[in-house]
Structure formats: C-alpha cells, structure tokens
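So the structure is just underneath, and the comments pick up after that.
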Amino acid sequence: MRRPAFPTSFLSRSPVDPYVAALLGTVLLAVLLPARGSAATVAGIAAKILVGLLFFLYGARLSTREAVEGLRHWRLHTAVLCCTFVVFPLLGLAARGLVPYVLTPSLYDGFLFLCLVPSTVQSAIAFTSIARGNVAAAICAGSFSSLVGIVLTPLLAAALLGNSGAGFSLDSLLSIVLQLLVPFLAGQALRPWIGGFIGRHRTVLGRVDRTSVLMVVYVAFSAGMVRGVWSQVTPWRLLALLAVEAVLLAIMLLLTGYGSRRLGFSRADRIAIVFAGSKKGLAAGLPMATVLFGAESSLAVLPLMLFHQLQLMVCAVLAKRFARQPDADAPEPAPSGLVQGRTEATTGRAR
C-alpha cells in the first residue's frame with residue numbers, strides 16, 4: 001500500500017510559505033532556548049560569518065553582462081527603484097502619525113526600516129513568470145534593487161532613523177561596508193573563476209542563503225528574549241501592525257499597477273513592475289537589520305517578516321489572476337466573417 005500523501009499535499013496547499021514556517025520555527029526556538037553568555041557570543045560570530053558568505057554569494061551570482069544588458073530597459077528599472085527607495089520611504093514617514101496610538105516607537109522603527117529595504121529577487125521572478133510577464137526585466141530589476149540597496153538602504157537609515165534611538169551610527173555604517181559591501185565586491189571580482197561552480201551548485205548554495213538568514217533570526221530574537229524586549233509588544237499591537245502593512249501593500253500594488261499603465265508600459269513590463277516594485281527582500285533586509293539595530297534588531301525585523309509572508313500570499317493570488325487575463329497588448333483576431341470575406345476577395349483577385 002502507498003503511504004498517504006497528506007503531509008506533502010497539505011503543505012503544497014498551505015498559504016504559509018515553507019521558508020516562512022522555518023523562520024517562525026526559529027523564532028519559537030529562540031523564545032524557548034535563547035542563546036546566552038558564551039553561546040550567544042559564538043552564535044553572533046557565526047551569524048556574522050554567514051552574513052558575509054551570503055553577500056559574497058550575491059556578488060558572485062550577479063552576472064555583469066546581464067546587468068549591463070539590463071540597463072537598456074532603463075525606464076522600467078527607474079520605475080522600480082523609485083517605488084522601492086522613494087515611494088516606500090515616503091509612506092513609511094507618513095506612518096509616523098500612527099505613533100504611539102497604533103504602533104509603538106520600536107515597531108515603527110522596524111516598519112520604517114521595512115520601507116527602506118531593497119526589493120526581492122526570487123519571488124518577484126517567480127510571480128512574474130506565473131503571470132506571463134517580462135521575466136528578464138524582473139531579474140534585472142530585482143538585481144539592480146539589491147545592488148543599490150546595499151549602499152542606499154544604510155544611507156537612508158542614517159538619514160531617517162539616526163535620531164530615533166535605533167542605534168544607527170558611523171560604526172554601523174562601517175559594519176555595513178565590512179560585512180556586506182566588501183564581501184559582495186569580492187564575489188563580483190572572483191566571479192570569472194567561481195561563476196561556473198556557483199551555477200552548477202545553485203541548489204546547495206541556496207540552502208546556504210536560507211541557513212544564514214535563519215541563523216541571523218535566531219541570534220536577533222535570542223538577544224531580544226534575554227533583554228526582555230518582547231514584553232513591549234501585545235497581541236493587539238501585532239494585529240495593528242499587520243493591518244498597517246496590509247494597507248501599505250495595497251497602496252503599493254495600486255500605485256505600481258496604475259502608474260505603470262499611465263506611463264505606457266506594455267502588459268509584460270507592467271507585471272514585472274508590480275511584482276518587483278511592491279515587494280521587499282527578506283534575505284537582504286534581515287542581515288542589514290542586525291547590523292543597523294544591534295541588540296534591538298529582534299523587534300526591528302518583525303515588521304519585515306510579517307510583510308514578507310503577507311506579500312507572498314497576496315501576490316500568489318494576484319499572479320494567478322494575471323495569468324488568466326488575456327493579453328490586452330496582443331493584436332485582436334479579426335472576426336471570422338471578415339477573415340472569410342478577405343479570403344474570398346483575395347481568391348477572386350487571384351483568379
């Protein structure tokens with residue numbers, strides 16, 4: 001007899017992404033068994049090493065040739081970058097009026113940081129492909145956003161979070177350069193020699209990415225448990241945060257969809273702009289948060305983790321809806337009677 005396929009089918013139908021489930025499990029582990037003392041020191045060092053390896057792999061994967069070719073579609077990339085690093089931060093600043101009535105100052109700092117994080121790459125590509133959009137443009141747009149975000153996100157955080165008590169300083173900026181930018185540039189420099197190896201072992205190295213992020217989450221939430229920061233958050237505050245993020249995602253989806261149409265982009269390009277311009281990258285944002293916020297990073301990464309799960313659920317439904325829609329940019333087929341009449345007229349002239 002065959003074993004029932006219930007677990008696999010259940011997980012495939014589950015609205016919770018397996019990676020997000022792993023993240024939640026890591027948070028639970030940090031709550032029950034937080035790293036303390038020397039264990040916390042060792043875990044912190046391991047997390048820094050893994051973060052450096054993570055951004056080294058980012059640099060080694062990004063094809064310089066693809067990046068140069070992607071510059072040809074500069075209007076699309078400019079639209080995505082403006083959504084990611086202009087519109088999102090402006091909406092984050094507007095949410096300042098929700099403090100302290102809806103969001104606590106700590107949750108607001110995390111919410112504002114969420115608005116400064118670069119776009120995601122993997123899920124934007126996947127959803128663009130499902131929706132029959134411009135996949136090549138989504139790849140380039142997500143890569144450009146991640147590349148620009150390594151430099152721009154810390155600078156925006158310095159300008160917008162510097163006086164908020166988030167712990168940002170010149171030392172944090174230096175840590176960003178040493179832990180994120182230097183490994184990224186090293187990966188780019190070594191790409192001609194290791195690019196083939198990375199391409200052949202993409203699946204294994206993808207697990208390194210996720211393991212790095214899980215380690216960062218465990219260290220961050222362990223520090224939060226030891227410091228007692230979770231006593232500052234109530235269930236009502238979490239629900240309020242989720243509602244605010246739902247409004248943020250809805251606004252960005254409407255702006256990217258309507259704005260790209262008004263700017264005259266094709267349907268395929270509009271789909272790429274919607275999925276690349278309305279999303280935020282968890283893999284890039286979490287390591288940055290641990291460097292920028294230090295011991296306060298446990299609360300700072302919470303808004304980003306919630307937004308990540310929310311955008312996956314909403315965009316999955318939206319991508320399937322796009323896929324069912326006809327391509328409005330394709331030429332409409334002529335009515336059958338008109339085609340038949342033209343055929344007969346052509347045949348008559350031939351005779």
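Residue numbering restarts at 1 in every chain; chains get A, B, ... in the order shown in the structure tokens, and ligands count up from 1 in that same order.
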| message | Show me, as a PyMOL selection string, the residues that have an atom within 12 Å of Ser222 of chain A when counting only C-alpha atoms, minus same-chain residues fewer than 2 positions from it. | response | chain A and resi 26-37+39-41+43-44+215-220+224-230+294-299
query = So which bits of segment 81-259 of chain A end up alpha helix (DSSP H) when you DSSP the backbone, as a ChimeraX atom specification?
reply = /A:81-82,88-94,105-116,122-130,135-161,170-176,182-200,202-227,235-259
Item to check | Atom pair atom CA of Leu23 of chain A / atom CA of Thr84 of chain A: separation (Å) | outcome: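 Atom-to-atom, atom CA of Leu23 of chain A and atom CA of Thr84 of chain A are spaced 24.0 Å apart.
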Review point. Counting only C-alpha atoms, what is within 12 Å of Trp236 of chain A, bar same-chain residues fewer than 3 positions away, as a ChimeraX atom specification?
Key: /A:101-104,232-233,239-243
Just-selected residues, N, CA and C atoms written as a compact mmCIF listing (two decimals), in the first residue's frame:
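What follows is the written file part-v3.txt:
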```txt
# COMPACT_ATOMS: atom_id res chain seq x y z
N TYR A 101 -0.31 55.72 18.99
CA TYR A 101 -1.69 55.24 19.11
C TYR A 101 -1.87 53.84 18.51
N VAL A 102 -1.21 53.57 17.39
CA VAL A 102 -1.33 52.27 16.73
C VAL A 102 -0.04 51.47 16.85
N LEU A 103 1.09 52.10 16.56
CA LEU A 103 2.39 51.44 16.61
C LEU A 103 3.22 52.02 17.74
N THR A 104 3.97 51.15 18.41
CA THR A 104 4.94 51.62 19.39
C THR A 104 6.14 52.21 18.66
N GLN A 232 7.30 44.44 25.49
CA GLN A 232 6.80 45.70 24.95
C GLN A 232 5.71 45.50 23.90
N VAL A 233 5.51 44.26 23.42
CA VAL A 233 4.59 44.00 22.32
C VAL A 233 3.39 43.21 22.84
N LEU A 239 -1.56 42.79 15.75
CA LEU A 239 -2.66 42.87 14.80
C LEU A 239 -2.70 44.23 14.12
N ALA A 240 -2.45 45.28 14.90
CA ALA A 240 -2.43 46.62 14.33
C ALA A 240 -1.31 46.76 13.31
N LEU A 241 -0.13 46.20 13.62
CA LEU A 241 0.99 46.23 12.69
C LEU A 241 0.64 45.51 11.39
N LEU A 242 0.00 44.35 11.51
CA LEU A 242 -0.37 43.59 10.32
C LEU A 242 -1.37 44.37 9.47
N ALA A 243 -2.31 45.06 10.12
CA ALA A 243 -3.28 45.86 9.37
C ALA A 243 -2.60 47.02 8.63
```
> Which is closest to Val177 of chain A among A:Leu249, A:Ile150, A:Ser145, A:Ala60, if we use only C-alpha atoms?
Replying inline: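 Of A:Leu249, A:Ile150, A:Ser145, A:Ala60, the one nearest Val177 of chain A, counting only C-alpha atoms, is A:Ile150.
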Min atom-atom distance to Cys115 of chain A from the set A:Ala272, A:Cys83, A:Val314, A:Ala319, counting only C-alpha atoms, belongs to A:Cys83
